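Asker: Starting off with a structure, shown below.
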Amino acid sequence: MDGTLPAEVKKARAVKCKSRRCSIINGTLYKKSFLGPWLRCVGPLQANYVLREIHEGSCSMHAGTRSVMGKALRIVYYWPTMHEDARKLIRACQDCQIHKPIPRMERENYSLGEGIKSRLDERSKNWMEELPHVLWAHRTMIKFSNGDTPFSLTYRTKAVILAEIGMPTLRTTEVDLVQNNEALEINLDLLEERRKQAAIREAKIEAKMERYYNSKFSNISFKPGDLVYRNNDAIRAEDTGKLGPK
């Protein structure tokens with residue numbers, strides 16, 4: 001903030017190198033992201049608040065480490081130990097020990113029921129109170145199939161979570177309400193194009209998965225009289241009467 005450097009030459013050189021991507025805005029330190037926006041740099045207590053809000057707060061579905069980190073970056077927060085802190089939090093989370101975090105490839109099929117279950121313990125049955133949180137998490141989570149969130153495909157803008165209200169970032173503090181409303185209306189006019197792009201990405205992913213699936217199987221045809229193998233488990237199940245009626 002005052003332009004001073006450490007006395008040691010190596011430390012001073014490191015500070016100079018890092019400072020090229022940093023800036024002080026309204027007394028708050030920000031770091032330039034490779035994704036584009038300025039990231040608000042936060043301390044340990046603030047970082048813990050952001051992590052808990054993402055992982056187990058109003059927008060959570062108890063996702064994995066990379067999902068939590070990605071969401072923190074997309075809502076423009078940064079601190080040097082993001083990966084380590086997110087991993088420690090998830091390891092210490094009791095709900096995650098019962099319900100494992102969602103693998104990336106399985107998030108598309110992650111039902112709302114499973115999301116509610118991850119937020120309840122054995123004693124709590126009031127799932128109605130958890131439903132809005134699970135819906136919010138589902139709508140703000142990037143989908144693997146199209147690389148976008150349902151919220152963004154509806155409004156063509158990013159959602160603001162509670163952490164950004166308690167700890168404002170540039171996009172929430174420097175907002176002109178008149179220009180913001182106009183920008184939202186423009187986003188709605190451009191929404192159809194974004195949806196088409198998401199549909200194209202989804203079609204490409206489906207085609208890629210289809211090619212991968214088909215590569216694992218060979219096309220075999222049978223003729224009447226051909227001999228085929230029969231599963232031993234099916235034979236044993238039939239002998240014990242566990243199969244259904246024929």
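Residue numbers start at 1 in each chain; chains themselves are named A, B, ... in the order of the structure tokens; ligands are numbered from 1 in the order shown.
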Give me, as a VMD selection string, all polymer residues having an atom no more than 12 Å from Gly27 in chain A, counting only C-alpha atoms and skipping those fewer than 4 positions away in the same chain.

Answerer: chain A and resid 1 to 2 23 40 to 41 170

Asker: For C-alpha atoms, I'd like the residues from the last selection saved as a PDB file, in the first residue's frame.

Answerer:
ATOM      1  CA  MET A   1       0.000   0.000   0.000  1.00  0.00           C
ATOM      2  CA  ASP A   2       2.889   2.404   0.715  1.00  0.00           C
ATOM      3  CA  SER A  23      -4.175  -3.720  -7.025  1.00  0.00           C
ATOM      4  CA  ARG A  40     -10.982  -9.995  -3.699  1.00  0.00           C
ATOM      5  CA  CYS A  41      -8.142 -11.242  -1.476  1.00  0.00           C
ATOM      6  CA  LEU A 170     -16.217  -5.108  -7.055  1.00  0.00           C
TER       7      LEU A 170
END

Asker: Could you state the separation of CA of Trp38 in chain A and CA of Val76 in chain A in Å, given to one decimal place?

Answerer: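 If I compute the distance from CA of Trp38 in chain A to CA of Val76 in chain A, I get 6.7 Å.
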
Asker: For range 50-52 of chain A, please output as a PyMOL selection string all residues within 12 Å (counting only C-alpha atoms; exclusion window: fewer than 3 positions along the same chain).

Answerer: chain A and resi 40-47+55-73+75-79+81-90+92-93+161-168

Asker: Report as a VMD selection string: the residues of range 7-237 of chain A with a DSSP assignment of strand (DSSP E or B), based on the backbone of this structure.

Answerer: chain A and resid 22 to 25 28 to 32 38 to 41 77 to 78

Asker: Write a file of the just-selected residues containing N, CA and C atoms, as an mmCIF file, in the first residue's frame.

Answerer:
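Result file follows (selection34.cif):
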data_model
loop_
_atom_site.group_PDB
_atom_site.id
_atom_site.type_symbol
_atom_site.label_atom_id
_atom_site.label_comp_id
_atom_site.auth_asym_id
_atom_site.auth_seq_id
_atom_site.Cartn_x
_atom_site.Cartn_y
_atom_site.Cartn_z
ATOM 1 N N CYS A 22 -1.725 -7.479 -8.882
ATOM 2 C CA CYS A 22 -2.516 -7.045 -7.729
ATOM 3 C C CYS A 22 -2.791 -5.549 -7.789
ATOM 4 N N SER A 23 -3.829 -5.139 -7.072
ATOM 5 C CA SER A 23 -4.175 -3.720 -7.025
ATOM 6 C C SER A 23 -4.955 -3.443 -5.745
ATOM 7 N N ILE A 24 -4.792 -2.221 -5.209
ATOM 8 C CA ILE A 24 -5.557 -1.780 -4.047
ATOM 9 C C ILE A 24 -6.714 -0.929 -4.562
ATOM 10 N N ILE A 25 -7.945 -1.373 -4.309
ATOM 11 C CA ILE A 25 -9.131 -0.654 -4.768
ATOM 12 C C ILE A 25 -10.009 -0.380 -3.561
ATOM 13 N N THR A 28 -9.000 -2.151 -0.408
ATOM 14 C CA THR A 28 -9.068 -3.616 -0.395
ATOM 15 C C THR A 28 -8.138 -4.177 -1.452
ATOM 16 N N LEU A 29 -7.424 -5.251 -1.110
ATOM 17 C CA LEU A 29 -6.485 -5.874 -2.042
ATOM 18 C C LEU A 29 -7.230 -6.789 -3.010
ATOM 19 N N TYR A 30 -6.935 -6.636 -4.304
ATOM 20 C CA TYR A 30 -7.519 -7.485 -5.343
ATOM 21 C C TYR A 30 -6.408 -8.083 -6.195
ATOM 22 N N LYS A 31 -6.676 -9.265 -6.716
ATOM 23 C CA LYS A 31 -5.738 -9.935 -7.607
ATOM 24 C C LYS A 31 -6.419 -10.203 -8.936
ATOM 25 N N LYS A 32 -5.695 -9.955 -10.033
ATOM 26 C CA LYS A 32 -6.247 -10.170 -11.364
ATOM 27 C C LYS A 32 -6.327 -11.665 -11.660
ATOM 28 N N TRP A 38 -11.380 -9.162 -11.311
ATOM 29 C CA TRP A 38 -10.537 -8.963 -10.142
ATOM 30 C C TRP A 38 -11.071 -9.810 -8.991
ATOM 31 N N LEU A 39 -10.182 -10.546 -8.327
ATOM 32 C CA LEU A 39 -10.549 -11.394 -7.194
ATOM 33 C C LEU A 39 -10.241 -10.673 -5.889
ATOM 34 N N ARG A 40 -11.216 -10.610 -5.004
ATOM 35 C CA ARG A 40 -10.982 -9.995 -3.699
ATOM 36 C C ARG A 40 -10.156 -10.930 -2.831
ATOM 37 N N CYS A 41 -9.016 -10.441 -2.336
ATOM 38 C CA CYS A 41 -8.142 -11.242 -1.476
ATOM 39 C C CYS A 41 -8.673 -11.186 -0.038
ATOM 40 N N TYR A 77 -13.425 -14.492 -5.157
ATOM 41 C CA TYR A 77 -12.627 -14.439 -3.937
ATOM 42 C C TYR A 77 -11.341 -15.232 -4.157
ATOM 43 N N TYR A 78 -10.283 -14.837 -3.435
ATOM 44 C CA TYR A 78 -9.000 -15.532 -3.576
ATOM 45 C C TYR A 78 -8.232 -15.467 -2.269
#

Asker: One number please: CA of Phe144 in chain A to CA of Glu192 in chain A, in Å, one decimal.

Answerer: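 Taking CA of Phe144 in chain A as the start and CA of Glu192 in chain A as the end point, the length is 19.9 Å.
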
Asker: Which value, in Å to one decimal, gives the distance between CA of Arg13 in chain A and CA of Gly36 in chain A?

Answerer: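 The value is 25.0 Å.
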